[in-house]
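File shown: model.cif. Contents: mmCIF, C-alpha atoms and all ligand atoms.
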data_coords
loop_
_atom_site.group_PDB
_atom_site.id
_atom_site.type_symbol
_atom_site.label_atom_id
_atom_site.label_comp_id
_atom_site.auth_asym_id
_atom_site.auth_seq_id
_atom_site.Cartn_x
_atom_site.Cartn_y
_atom_site.Cartn_z
ATOM 1 C CA MET A 1 -18.661 18.860 6.189
ATOM 2 C CA THR A 2 -20.146 16.177 3.905
ATOM 3 C CA PRO A 3 -17.856 15.380 0.995
ATOM 4 C CA ASN A 4 -19.117 15.576 -2.541
ATOM 5 C CA VAL A 5 -19.643 11.899 -3.457
ATOM 6 C CA LEU A 6 -18.940 11.417 -7.144
ATOM 7 C CA GLU A 7 -19.624 8.211 -9.000
ATOM 8 C CA SER A 8 -18.885 9.349 -12.526
ATOM 9 C CA ILE A 9 -15.602 10.274 -14.155
ATOM 10 C CA ALA A 10 -17.224 13.285 -15.846
ATOM 11 C CA HIS A 11 -18.501 14.740 -12.551
ATOM 12 C CA THR A 12 -15.130 14.134 -10.910
ATOM 13 C CA ARG A 13 -13.303 15.961 -13.683
ATOM 14 C CA ALA A 14 -15.772 18.866 -13.374
ATOM 15 C CA ALA A 15 -15.391 19.109 -9.580
ATOM 16 C CA VAL A 16 -11.600 18.996 -9.765
ATOM 17 C CA SER A 17 -11.454 21.539 -12.532
ATOM 18 C CA ALA A 18 -13.714 23.936 -10.550
ATOM 19 C CA ALA A 19 -11.471 23.530 -7.487
ATOM 20 C CA ARG A 20 -8.362 24.181 -9.552
ATOM 21 C CA GLN A 21 -9.927 27.269 -11.126
ATOM 22 C CA ALA A 22 -10.711 28.502 -7.621
ATOM 23 C CA GLY A 23 -6.974 28.333 -6.909
ATOM 24 C CA SER A 24 -6.690 25.000 -5.089
ATOM 25 C CA ARG A 25 -4.022 22.408 -5.542
ATOM 26 C CA ILE A 26 -5.420 18.908 -5.833
ATOM 27 C CA ALA A 27 -4.503 15.998 -3.544
ATOM 28 C CA LEU A 28 -5.493 12.398 -4.163
ATOM 29 C CA VAL A 29 -5.628 9.636 -1.562
ATOM 30 C CA PRO A 30 -6.284 6.435 -3.537
ATOM 31 C CA THR A 31 -7.944 3.681 -1.489
ATOM 32 C CA MET A 32 -9.996 0.548 -1.848
ATOM 33 C CA GLY A 33 -12.205 1.600 1.065
ATOM 34 C CA ALA A 34 -12.573 -0.187 4.420
ATOM 35 C CA LEU A 35 -10.907 2.936 5.739
ATOM 36 C CA HIS A 36 -8.991 2.786 9.019
ATOM 37 C CA ALA A 37 -6.627 4.994 11.015
ATOM 38 C CA GLY A 38 -3.857 4.362 8.473
ATOM 39 C CA HIS A 39 -5.984 5.921 5.730
ATOM 40 C CA ALA A 40 -6.955 8.699 8.150
ATOM 41 C CA ARG A 41 -3.245 9.530 8.501
ATOM 42 C CA LEU A 42 -2.926 9.835 4.707
ATOM 43 C CA ILE A 43 -5.972 12.089 4.531
ATOM 44 C CA GLU A 44 -4.735 14.243 7.425
ATOM 45 C CA ARG A 45 -1.366 14.680 5.676
ATOM 46 C CA ALA A 46 -3.161 15.714 2.489
ATOM 47 C CA ARG A 47 -5.303 18.187 4.436
ATOM 48 C CA GLN A 48 -2.316 19.646 6.275
ATOM 49 C CA ASP A 49 -0.791 20.412 2.903
ATOM 50 C CA GLY A 50 -3.830 22.684 2.383
ATOM 51 C CA GLN A 51 -5.254 21.182 -0.766
ATOM 52 C CA TYR A 52 -8.587 20.133 -2.267
ATOM 53 C CA VAL A 53 -8.609 16.541 -1.059
ATOM 54 C CA VAL A 54 -10.085 13.771 -3.171
ATOM 55 C CA VAL A 55 -10.305 10.247 -1.716
ATOM 56 C CA SER A 56 -10.938 7.517 -4.264
ATOM 57 C CA ILE A 57 -12.732 4.383 -3.080
ATOM 58 C CA PHE A 58 -12.577 1.628 -5.646
ATOM 59 C CA VAL A 59 -11.960 -2.091 -5.139
ATOM 60 C CA ASN A 60 -9.942 -2.656 -8.282
ATOM 61 C CA PRO A 61 -10.601 -6.119 -9.734
ATOM 62 C CA LEU A 62 -7.486 -5.912 -11.930
ATOM 63 C CA GLN A 63 -5.128 -6.197 -8.971
ATOM 64 C CA PHE A 64 -6.633 -9.312 -7.361
ATOM 65 C CA ASP A 65 -4.939 -12.578 -8.256
ATOM 66 C CA ARG A 66 -7.535 -14.702 -6.420
ATOM 67 C CA PRO A 67 -11.305 -14.329 -7.027
ATOM 68 C CA ASP A 68 -12.097 -15.281 -3.393
ATOM 69 C CA ASP A 69 -9.852 -12.453 -2.147
ATOM 70 C CA LEU A 70 -11.728 -9.945 -4.323
ATOM 71 C CA GLU A 71 -15.045 -11.295 -3.119
ATOM 72 C CA ARG A 72 -14.054 -11.221 0.558
ATOM 73 C CA TYR A 73 -12.448 -7.778 0.427
ATOM 74 C CA PRO A 74 -14.260 -5.694 3.073
ATOM 75 C CA ARG A 75 -16.661 -3.073 1.733
ATOM 76 C CA THR A 76 -17.807 -0.468 4.258
ATOM 77 C CA MET A 77 -18.935 2.507 2.187
ATOM 78 C CA GLU A 78 -21.190 4.057 4.833
ATOM 79 C CA SER A 79 -18.540 4.265 7.540
ATOM 80 C CA ASP A 80 -15.920 5.228 4.930
ATOM 81 C CA LEU A 81 -18.015 8.252 3.993
ATOM 82 C CA GLN A 82 -18.454 9.130 7.667
ATOM 83 C CA MET A 83 -14.703 9.069 8.148
ATOM 84 C CA CYS A 84 -14.166 11.206 5.051
ATOM 85 C CA ALA A 85 -16.735 13.691 6.347
ATOM 86 C CA SER A 86 -15.116 13.871 9.781
ATOM 87 C CA LEU A 87 -11.699 14.490 8.220
ATOM 88 C CA GLY A 88 -12.894 17.289 5.952
ATOM 89 C CA VAL A 89 -12.416 15.450 2.643
ATOM 90 C CA ASP A 90 -13.692 17.606 -0.225
ATOM 91 C CA ALA A 91 -14.692 14.887 -2.668
ATOM 92 C CA VAL A 92 -14.967 11.104 -2.718
ATOM 93 C CA PHE A 93 -14.615 9.449 -6.105
ATOM 94 C CA ALA A 94 -16.444 6.113 -5.755
ATOM 95 C CA PRO A 95 -17.062 4.639 -9.191
ATOM 96 C CA VAL A 96 -18.628 1.256 -9.889
ATOM 97 C CA VAL A 97 -16.547 -1.257 -11.848
ATOM 98 C CA GLY A 98 -18.423 -0.482 -15.083
ATOM 99 C CA GLU A 99 -17.461 3.195 -14.834
ATOM 100 C CA MET A 100 -13.740 2.420 -14.536
ATOM 101 C CA TYR A 101 -13.729 -0.562 -16.903
ATOM 102 C CA PRO A 102 -16.697 -0.289 -19.297
ATOM 103 C CA HIS A 103 -14.919 -2.929 -21.384
ATOM 104 C CA THR A 104 -11.919 -5.158 -20.798
ATOM 105 C CA PRO A 105 -8.997 -2.764 -21.234
ATOM 106 C CA THR A 106 -6.798 -3.442 -24.247
ATOM 107 C CA CYS A 107 -4.020 -1.206 -22.902
ATOM 108 C CA THR A 108 -2.661 -1.807 -19.415
ATOM 109 C CA VAL A 109 0.531 -0.897 -17.596
ATOM 110 C CA HIS A 110 3.142 -3.611 -17.286
ATOM 111 C CA VAL A 111 5.526 -3.171 -14.361
ATOM 112 C CA GLY A 112 9.103 -4.399 -14.811
ATOM 113 C CA ALA A 113 11.808 -5.526 -12.399
ATOM 114 C CA VAL A 114 10.577 -3.521 -9.403
ATOM 115 C CA ALA A 115 7.696 -6.024 -9.236
ATOM 116 C CA ASN A 116 9.760 -9.198 -9.645
ATOM 117 C CA TYR A 117 10.197 -10.052 -5.961
ATOM 118 C CA LEU A 118 8.251 -9.782 -2.689
ATOM 119 C CA CYS A 119 4.495 -9.558 -3.354
ATOM 120 C CA GLY A 120 5.099 -9.354 -7.107
ATOM 121 C CA GLN A 121 6.582 -12.830 -7.064
ATOM 122 C CA TYR A 122 3.635 -14.356 -5.212
ATOM 123 C CA ARG A 123 0.771 -12.349 -6.699
ATOM 124 C CA PRO A 124 1.132 -12.582 -10.486
ATOM 125 C CA GLY A 125 -0.264 -9.529 -12.271
ATOM 126 C CA HIS A 126 -0.999 -7.701 -9.022
ATOM 127 C CA PHE A 127 1.261 -4.708 -9.639
ATOM 128 C CA ASP A 128 0.228 -4.432 -13.292
ATOM 129 C CA GLY A 129 -3.314 -4.063 -11.939
ATOM 130 C CA VAL A 130 -2.254 -1.511 -9.328
ATOM 131 C CA ALA A 131 -0.220 0.532 -11.824
ATOM 132 C CA THR A 132 -3.056 0.469 -14.357
ATOM 133 C CA VAL A 133 -5.678 1.726 -11.924
ATOM 134 C CA VAL A 134 -3.335 4.330 -10.412
ATOM 135 C CA MET A 135 -2.569 5.586 -13.928
ATOM 136 C CA LYS A 136 -6.312 5.855 -14.602
ATOM 137 C CA LEU A 137 -6.963 7.620 -11.281
ATOM 138 C CA PHE A 138 -4.180 10.097 -12.031
ATOM 139 C CA GLN A 139 -5.720 10.789 -15.459
ATOM 140 C CA ILE A 140 -9.172 11.302 -13.960
ATOM 141 C CA VAL A 141 -8.329 13.292 -10.823
ATOM 142 C CA THR A 142 -5.151 14.972 -12.171
ATOM 143 C CA PRO A 143 -3.695 15.433 -8.670
ATOM 144 C CA ASP A 144 -0.691 17.628 -7.902
ATOM 145 C CA ARG A 145 0.127 15.238 -5.056
ATOM 146 C CA ALA A 146 -0.879 11.684 -4.208
ATOM 147 C CA TYR A 147 -0.472 9.958 -0.855
ATOM 148 C CA PHE A 148 0.421 6.293 -0.300
ATOM 149 C CA GLY A 149 1.206 4.316 2.852
ATOM 150 C CA GLU A 150 4.699 2.958 3.482
ATOM 151 C CA LYS A 151 3.169 -0.315 4.696
ATOM 152 C CA ASP A 152 2.793 -1.204 1.032
ATOM 153 C CA ALA A 153 6.456 -0.441 0.347
ATOM 154 C CA GLN A 154 6.626 -2.243 -2.984
ATOM 155 C CA GLN A 155 3.421 -0.564 -4.165
ATOM 156 C CA LEU A 156 4.918 2.809 -3.246
ATOM 157 C CA ALA A 157 8.081 1.941 -5.208
ATOM 158 C CA VAL A 158 5.980 0.822 -8.203
ATOM 159 C CA VAL A 159 4.031 4.104 -8.149
ATOM 160 C CA ARG A 160 7.260 6.126 -7.952
ATOM 161 C CA HIS A 161 8.597 4.208 -10.971
ATOM 162 C CA LEU A 162 5.293 4.749 -12.812
ATOM 163 C CA VAL A 163 5.522 8.497 -12.264
ATOM 164 C CA ARG A 164 9.170 8.626 -13.313
ATOM 165 C CA ASP A 165 8.817 6.393 -16.374
ATOM 166 C CA PHE A 166 5.711 8.146 -17.741
ATOM 167 C CA ASN A 167 6.756 11.697 -16.687
ATOM 168 C CA LEU A 168 3.540 12.126 -14.724
ATOM 169 C CA PRO A 169 3.279 15.575 -13.096
ATOM 170 C CA VAL A 170 2.399 14.214 -9.637
ATOM 171 C CA ASP A 171 4.398 14.405 -6.397
ATOM 172 C CA ILE A 172 4.212 11.103 -4.555
ATOM 173 C CA VAL A 173 4.139 11.375 -0.777
ATOM 174 C CA GLY A 174 4.896 8.264 1.294
ATOM 175 C CA VAL A 175 3.316 8.231 4.755
ATOM 176 C CA LYS A 176 4.567 6.206 7.718
ATOM 177 C CA THR A 177 2.839 2.985 8.694
ATOM 178 C CA VAL A 178 0.307 3.307 11.500
ATOM 179 C CA ARG A 179 0.431 0.464 14.057
ATOM 180 C CA GLU A 180 -1.665 -0.960 16.827
ATOM 181 C CA SER A 181 -0.081 -0.801 20.305
ATOM 182 C CA ASP A 182 1.308 -4.339 19.856
ATOM 183 C CA GLY A 183 2.977 -3.407 16.574
ATOM 184 C CA LEU A 184 0.489 -4.878 14.100
ATOM 185 C CA ALA A 185 0.372 -2.643 11.027
ATOM 186 C CA LEU A 186 -3.122 -1.334 10.308
ATOM 187 C CA SER A 187 -4.671 -2.978 7.269
ATOM 188 C CA SER A 188 -8.175 -3.397 5.914
ATOM 189 C CA ARG A 189 -7.477 -7.143 6.006
ATOM 190 C CA ASN A 190 -7.070 -7.124 9.810
ATOM 191 C CA ALA A 191 -10.870 -7.048 10.011
ATOM 192 C CA ARG A 192 -10.879 -10.679 8.845
ATOM 193 C CA LEU A 193 -8.769 -11.972 11.765
ATOM 194 C CA ASP A 194 -10.541 -13.847 14.531
ATOM 195 C CA GLN A 195 -9.504 -13.307 18.141
ATOM 196 C CA GLU A 196 -6.762 -15.960 18.167
ATOM 197 C CA GLU A 197 -5.401 -14.876 14.773
ATOM 198 C CA ARG A 198 -5.360 -11.261 15.920
ATOM 199 C CA ARG A 199 -3.242 -12.335 18.899
ATOM 200 C CA LEU A 200 -0.719 -14.080 16.629
ATOM 201 C CA ALA A 201 -0.566 -11.455 13.883
ATOM 202 C CA PRO A 202 2.051 -9.115 15.504
ATOM 203 C CA ALA A 203 4.658 -11.908 15.075
ATOM 204 C CA LEU A 204 5.493 -10.510 11.621
ATOM 205 C CA TYR A 205 6.464 -7.099 12.975
ATOM 206 C CA ALA A 206 8.382 -8.734 15.832
ATOM 207 C CA GLY A 207 10.474 -10.608 13.231
ATOM 208 C CA LEU A 208 11.047 -7.451 11.216
ATOM 209 C CA LEU A 209 12.172 -5.611 14.359
ATOM 210 C CA GLU A 210 14.627 -8.420 15.023
ATOM 211 C CA ALA A 211 16.027 -7.853 11.518
ATOM 212 C CA ALA A 212 16.240 -4.100 12.117
ATOM 213 C CA ARG A 213 18.091 -4.655 15.397
ATOM 214 C CA LEU A 214 20.686 -6.889 13.726
ATOM 215 C CA ILE A 215 21.247 -4.376 10.924
ATOM 216 C CA ALA A 216 21.535 -1.551 13.451
ATOM 217 C CA ARG A 217 24.228 -3.580 15.240
ATOM 218 C CA GLY A 218 26.206 -3.742 12.009
ATOM 219 C CA GLU A 219 25.165 -7.084 10.479
ATOM 220 C CA THR A 220 25.597 -6.810 6.711
ATOM 221 C CA ARG A 221 24.832 -10.407 5.636
ATOM 222 C CA ALA A 222 21.266 -10.470 4.414
ATOM 223 C CA ASN A 223 21.025 -14.236 4.936
ATOM 224 C CA VAL A 224 21.895 -13.931 8.612
ATOM 225 C CA VAL A 225 19.315 -11.189 9.037
ATOM 226 C CA LYS A 226 16.610 -13.164 7.202
ATOM 227 C CA THR A 227 17.263 -16.381 9.110
ATOM 228 C CA ALA A 228 17.082 -14.636 12.489
ATOM 229 C CA ALA A 229 13.906 -12.743 11.599
ATOM 230 C CA ALA A 230 12.198 -15.834 10.181
ATOM 231 C CA ALA A 231 13.155 -17.849 13.272
ATOM 232 C CA ARG A 232 11.632 -15.146 15.467
ATOM 233 C CA ILE A 233 8.378 -15.293 13.484
ATOM 234 C CA ARG A 234 8.224 -19.084 13.389
ATOM 235 C CA ALA A 235 9.022 -19.324 17.101
ATOM 236 C CA ALA A 236 5.818 -17.486 17.799
ATOM 237 C CA ARG A 237 3.539 -20.105 16.169
ATOM 238 C CA PRO A 238 3.255 -22.333 13.130
ATOM 239 C CA LEU A 239 2.250 -19.431 10.925
ATOM 240 C CA ARG A 240 3.004 -19.681 7.208
ATOM 241 C CA LEU A 241 5.679 -17.201 6.244
ATOM 242 C CA GLU A 242 5.279 -16.583 2.507
ATOM 243 C CA TYR A 243 8.426 -14.541 2.128
ATOM 244 C CA LEU A 244 10.883 -12.544 4.135
ATOM 245 C CA GLU A 245 13.394 -10.619 2.067
ATOM 246 C CA VAL A 246 15.975 -7.865 2.325
ATOM 247 C CA VAL A 247 15.743 -5.587 -0.711
ATOM 248 C CA ASP A 248 17.267 -2.354 -1.929
ATOM 249 C CA ALA A 249 14.893 0.444 -0.863
ATOM 250 C CA GLN A 250 14.781 2.034 -4.345
ATOM 251 C CA ASN A 251 14.529 -0.828 -6.813
ATOM 252 C CA MET A 252 13.166 -3.634 -4.585
ATOM 253 C CA GLN A 253 15.850 -6.105 -5.717
ATOM 254 C CA PRO A 254 17.132 -8.583 -3.107
ATOM 255 C CA VAL A 255 20.579 -7.808 -1.722
ATOM 256 C CA GLU A 256 23.180 -10.194 -0.323
ATOM 257 C CA ARG A 257 25.176 -7.494 1.472
ATOM 258 C CA ILE A 258 23.564 -4.592 3.262
ATOM 259 C CA THR A 259 25.586 -1.606 2.141
ATOM 260 C CA GLY A 260 22.951 1.130 2.061
ATOM 261 C CA ARG A 261 19.283 1.742 2.673
ATOM 262 C CA VAL A 262 17.271 -1.479 2.580
ATOM 263 C CA ILE A 263 13.762 -2.623 3.290
ATOM 264 C CA VAL A 264 13.139 -5.849 5.148
ATOM 265 C CA ALA A 265 9.716 -7.003 4.001
ATOM 266 C CA GLY A 266 7.593 -10.013 4.813
ATOM 267 C CA ALA A 267 4.255 -11.609 4.039
ATOM 268 C CA LEU A 268 2.652 -13.885 6.596
ATOM 269 C CA TRP A 269 -0.450 -16.028 6.353
ATOM 270 C CA VAL A 270 -2.455 -15.919 9.548
ATOM 271 C CA GLY A 271 -5.219 -18.461 8.976
ATOM 272 C CA SER A 272 -6.666 -17.516 5.599
ATOM 273 C CA THR A 273 -5.548 -13.886 5.835
ATOM 274 C CA ARG A 274 -2.352 -12.677 4.204
ATOM 275 C CA LEU A 275 -0.637 -9.817 6.008
ATOM 276 C CA ILE A 276 2.332 -7.791 4.774
ATOM 277 C CA ASP A 277 4.666 -5.438 6.582
ATOM 278 C CA ASN A 278 8.148 -3.978 6.310
ATOM 279 C CA VAL A 279 10.801 -1.920 8.065
ATOM 280 C CA ARG A 280 13.259 0.481 6.480
ATOM 281 C CA CYS A 281 16.857 0.180 7.672
ATOM 282 C CA ASP A 282 20.094 1.990 7.016
ATOM 283 C CA LYS A 283 23.388 0.189 7.254
ATOM 284 C CA VAL A 284 25.120 1.452 10.364
ATOM 285 C CA VAL A 285 28.811 2.136 9.929
ATOM 286 C CA LEU A 286 30.362 1.108 13.235
ATOM 287 C CA PRO A 287 33.540 2.861 14.363
HETATM 288 O O1 LIG B 1 -3.357 0.412 -1.643
HETATM 289 C C1 LIG B 1 -4.497 0.318 -2.145
HETATM 290 O O2 LIG B 1 -5.518 0.455 -1.466
HETATM 291 C C2 LIG B 1 -4.640 0.017 -3.629
HETATM 292 O O3 LIG B 1 -3.653 -0.859 -4.067
HETATM 293 C C3 LIG B 1 -4.684 1.289 -4.512
HETATM 294 C C4 LIG B 1 -3.393 2.070 -4.454
HETATM 295 C C5 LIG B 1 -5.834 2.172 -4.061
HETATM 296 C C6 LIG B 1 -4.925 0.893 -5.973
HETATM 297 O O4 LIG B 1 -6.101 0.194 -6.114
#
Produce structure tokens that represent the structure in this file.
Amino acid sequence: MTPNVLESIAHTRAAVSAARQAGSRIALVPTMGALHAGHARLIERARQDGQYVVVSIFVNPLQFDRPDDLERYPRTMESDLQMCASLGVDAVFAPVVGEMYPHTPTCTVHVGAVANYLCGQYRPGHFDGVATVVMKLFQIVTPDRAYFGEKDAQQLAVVRHLVRDFNLPVDIVGVKTVRESDGLALSSRNARLDQEERRLAPALYAGLLEAARLIARGETRANVVKTAAAARIRAARPLRLEYLEVVDAQNMQPVERITGRVIVAGALWVGSTRLIDNVRCDKVVLP
């Protein structure tokens, strides 16, 4: 089935309202395109929940802190639409920048403490841009549910805070990270890696697994966990580790002692490509 490709906000509102009147619940899978198996998993989850599925494809300039990153972001609309068709997506909302931002917005969302560390610390304004566009997408598509990948753990936390703080009537569904057989988390940015970089890239996940193993064995000192994981990553090659942090899984604040559910998250530069990944860990209470 070919999805209804909608470029205007007005047509999107009309399509969603017709679907709702016909008795459907509305699901939104927000993306920036360059769709891969990780996005497919989000779409499949949305489909399984038996809803009218809208995929948004919009490379949001507001969330890019570096102009070259925005410019180089992969754009693969034709194959994206093929994937949406093969997965039974009902509608694709694919606006141009002028449709979403006809003028420089005077009102934007500012994200507080949940964005202070991890990517928020290294990409100034990034999560304000994400929260602003997600808020707009929620206003346009009015989904009952929206699906986000756990690979972007801080983004997922930001969206959950957005929904809570603004009382938005949307259920947020987090979907597990999809990985290549060597552990590399799927990402649209992987397409930029050359052969050698692709070989090195799984080092980040290997380090995160090391952290998870230590926590599972009862280590509660975040510093010990971070040092071991970073050493594992650096042992692989001289890759530039931007950050590796242990944070509380709800509020994304760094912890010194691991006393509950945490996320160990890292960002690694492989050549000129920045990759992020994370693992979720529970403190294990040993007998
Ligand atoms: O994760 C992404 O692709 C983007 O950050 C999102 C959520 C679609 C907002 O532009």
Find the residues near stretch 45-53 of chain A: any atom within 7 Å, counting all atoms listed in the file, skip ones fewer than 6 places away on the same chain, and give them as a PDB file with C-alpha atoms, keeping the file's coordinate frame.
ATOM      1  CA  ALA A  19     -11.471  23.530  -7.487  1.00  0.00           C
ATOM      2  CA  SER A  24      -6.690  25.000  -5.089  1.00  0.00           C
ATOM      3  CA  ARG A  25      -4.022  22.408  -5.542  1.00  0.00           C
ATOM      4  CA  ILE A  26      -5.420  18.908  -5.833  1.00  0.00           C
ATOM      5  CA  ALA A  27      -4.503  15.998  -3.544  1.00  0.00           C
ATOM      6  CA  LEU A  28      -5.493  12.398  -4.163  1.00  0.00           C
ATOM      7  CA  VAL A  89     -12.416  15.450   2.643  1.00  0.00           C
ATOM      8  CA  ASP A  90     -13.692  17.606  -0.225  1.00  0.00           C
ATOM      9  CA  ALA A  91     -14.692  14.887  -2.668  1.00  0.00           C
TER      10      ALA A  91
END
query: the PyMOL selection byres (((not hetatm)) within 7 of (chain B and resi 1)) on the file shown: which residues, as a PyMOL selection string?
result: chain A and resi 30-32+58-60+130+133-134+152
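Take the candidates A:Phe166, A:Tyr147, A:Phe93, A:Tyr205 and check each one against A:Ala131 using all atoms listed in the file; the shortest distance goes to A:Phe166.
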task: Could you check how far atom CA of A:Arg257 sits from atom CA of A:Gly120, in Å to one decimal?
output: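 Computing it gives 21.9 Å between the two atoms.
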task: Considering all atoms listed in the file, state which residue in the set A:Thr142, A:Arg123, A:Thr76, A:Ala212 is at the smallest distance from A:Tyr243.
output: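 Looking only at the distances to A:Tyr243, the closest residue turns out to be A:Arg123.
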- prompt: With distances taken over only C-alpha atoms, which of A:Glu196, A:Glu71, A:Glu99, A:Asp282 is nearest to A:Leu137?
  reply: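 Closest residue, counting only C-alpha atoms: A:Glu99.
Of the listed residues A:His11, A:Arg145, A:His36, A:Arg41, the one whose atoms come nearest to A:Leu81 is A:His36, with distances taken using only C-alpha atoms.
One distance worth recording is that between atom CA of A:Val55 and atom CA of A:Val29, which is 4.7 Å.
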query: By how many Å are atom CA of A:Gly88 and atom CA of A:Pro74 apart?
result: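 Separation of atom CA of A:Gly88 and atom CA of A:Pro74: 23.2 Å.
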Given the PyMOL selection byres (((chain A and resi 132) around 10) and not hetatm) and the file above, list the residues it selects as a short mmCIF file (atom, residue, chain, number, x, y, z; two decimals) with C-alpha atoms, in the frame of the given file.
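And here is the file that came out, out_19.cif:
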data_model
loop_
_atom_site.label_atom_id
_atom_site.label_comp_id
_atom_site.auth_asym_id
_atom_site.auth_seq_id
_atom_site.Cartn_x
_atom_site.Cartn_y
_atom_site.Cartn_z
CA ASN A 60 -9.94 -2.66 -8.28
CA LEU A 62 -7.49 -5.91 -11.93
CA GLN A 63 -5.13 -6.20 -8.97
CA PRO A 105 -9.00 -2.76 -21.23
CA CYS A 107 -4.02 -1.21 -22.90
CA THR A 108 -2.66 -1.81 -19.42
CA VAL A 109 0.53 -0.90 -17.60
CA HIS A 110 3.14 -3.61 -17.29
CA VAL A 111 5.53 -3.17 -14.36
CA HIS A 126 -1.00 -7.70 -9.02
CA PHE A 127 1.26 -4.71 -9.64
CA ASP A 128 0.23 -4.43 -13.29
CA GLY A 129 -3.31 -4.06 -11.94
CA VAL A 130 -2.25 -1.51 -9.33
CA ALA A 131 -0.22 0.53 -11.82
CA VAL A 133 -5.68 1.73 -11.92
CA VAL A 134 -3.34 4.33 -10.41
CA MET A 135 -2.57 5.59 -13.93
CA LYS A 136 -6.31 5.86 -14.60
CA LEU A 137 -6.96 7.62 -11.28
CA PHE A 138 -4.18 10.10 -12.03
CA LEU A 162 5.29 4.75 -12.81
#
message: Selection in question (the file shown): the PyMOL selection byres (((chain A and resi 271) around 8) and not hetatm). Which residues does it include, as an MDAnalysis selection string?
response: chainID A and resid 193 197 239 269:270 272:273
- line: For A:Val247, the closest of A:Ser181, A:Asn190, A:Asn116, A:Ser79 counting all atoms listed in the file is A:Asn116
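Residues in contact range of A:Ala265, defined as at most 7 Å between only C-alpha atoms, with sequence neighbours fewer than 6 positions away removed, read A:Leu244, A:Glu245, A:Val246, A:Asp277, A:Asn278, A:Val279.
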- request: Excluding A:Lys176 and any residue of its chain fewer than 6 positions from it, enumerate the residues within 10 Å of it, using only C-alpha atoms, and give them as a ChimeraX atom specification.
  value: /A:38,41-42,148-151
task: Give the answer as one residue: which of A:Val5, A:Phe64, A:Ala206, A:Leu70 has the shortest atom-to-atom distance to A:Gly125, using only C-alpha atoms?
output: A:Phe64
field: Sel. within 6 Å of pt (10.4, 1.5, -9.4), counting only C-alpha atoms, output as a list in words
entry: Val114, Ala157, Val158, Arg160, His161 and Asn251 of chain A
Extending 3 Å beyond the listed atoms of stretch 148-167 of chain A on each side, what axis-aligned box results? I want centre and edge lengths in Å to one decimal, as lines of an AutoDock Vina configuration file.
center_x = 4.8
center_y = 4.7
center_z = -6.5
size_x = 14.7
size_y = 19.9
size_z = 28.4
Hey, could you patch up stretch 269-278 of chain A with N, CA, C and O atoms and hand it over as a PDB file, in the frame of the given file?
ATOM      1  N   TRP A 269       0.937 -15.559   6.342  1.00  0.00           N
ATOM      2  CA  TRP A 269      -0.450 -16.028   6.353  1.00  0.00           C
ATOM      3  C   TRP A 269      -0.857 -16.305   7.795  1.00  0.00           C
ATOM      4  O   TRP A 269      -0.206 -17.097   8.489  1.00  0.00           O
ATOM      5  N   VAL A 270      -1.899 -15.654   8.224  1.00  0.00           N
ATOM      6  CA  VAL A 270      -2.455 -15.919   9.548  1.00  0.00           C
ATOM      7  C   VAL A 270      -3.849 -16.489   9.280  1.00  0.00           C
ATOM      8  O   VAL A 270      -4.753 -15.763   8.876  1.00  0.00           O
ATOM      9  N   GLY A 271      -3.982 -17.814   9.428  1.00  0.00           N
ATOM     10  CA  GLY A 271      -5.219 -18.461   8.976  1.00  0.00           C
ATOM     11  C   GLY A 271      -5.338 -18.247   7.477  1.00  0.00           C
ATOM     12  O   GLY A 271      -4.385 -18.468   6.727  1.00  0.00           O
ATOM     13  N   SER A 272      -6.487 -17.719   7.044  1.00  0.00           N
ATOM     14  CA  SER A 272      -6.666 -17.516   5.599  1.00  0.00           C
ATOM     15  C   SER A 272      -6.443 -16.054   5.210  1.00  0.00           C
ATOM     16  O   SER A 272      -6.851 -15.609   4.142  1.00  0.00           O
ATOM     17  N   THR A 273      -5.800 -15.303   6.108  1.00  0.00           N
ATOM     18  CA  THR A 273      -5.548 -13.886   5.835  1.00  0.00           C
ATOM     19  C   THR A 273      -4.057 -13.651   5.610  1.00  0.00           C
ATOM     20  O   THR A 273      -3.228 -14.104   6.401  1.00  0.00           O
ATOM     21  N   ARG A 274      -3.755 -12.945   4.543  1.00  0.00           N
ATOM     22  CA  ARG A 274      -2.352 -12.677   4.204  1.00  0.00           C
ATOM     23  C   ARG A 274      -2.023 -11.243   4.634  1.00  0.00           C
ATOM     24  O   ARG A 274      -2.672 -10.294   4.188  1.00  0.00           O
ATOM     25  N   LEU A 275      -1.027 -11.139   5.517  1.00  0.00           N
ATOM     26  CA  LEU A 275      -0.637  -9.817   6.008  1.00  0.00           C
ATOM     27  C   LEU A 275       0.753  -9.480   5.485  1.00  0.00           C
ATOM     28  O   LEU A 275       1.615 -10.360   5.396  1.00  0.00           O
ATOM     29  N   ILE A 276       0.984  -8.210   5.178  1.00  0.00           N
ATOM     30  CA  ILE A 276       2.332  -7.791   4.774  1.00  0.00           C
ATOM     31  C   ILE A 276       2.788  -6.654   5.677  1.00  0.00           C
ATOM     32  O   ILE A 276       1.972  -5.935   6.266  1.00  0.00           O
ATOM     33  N   ASP A 277       4.113  -6.522   5.773  1.00  0.00           N
ATOM     34  CA  ASP A 277       4.666  -5.438   6.582  1.00  0.00           C
ATOM     35  C   ASP A 277       6.132  -5.263   6.185  1.00  0.00           C
ATOM     36  O   ASP A 277       6.690  -6.107   5.466  1.00  0.00           O
ATOM     37  N   ASN A 278       6.734  -4.198   6.625  1.00  0.00           N
ATOM     38  CA  ASN A 278       8.148  -3.978   6.310  1.00  0.00           C
ATOM     39  C   ASN A 278       8.745  -2.967   7.267  1.00  0.00           C
ATOM     40  O   ASN A 278       8.020  -2.207   7.921  1.00  0.00           O
TER      41      ASN A 278
END
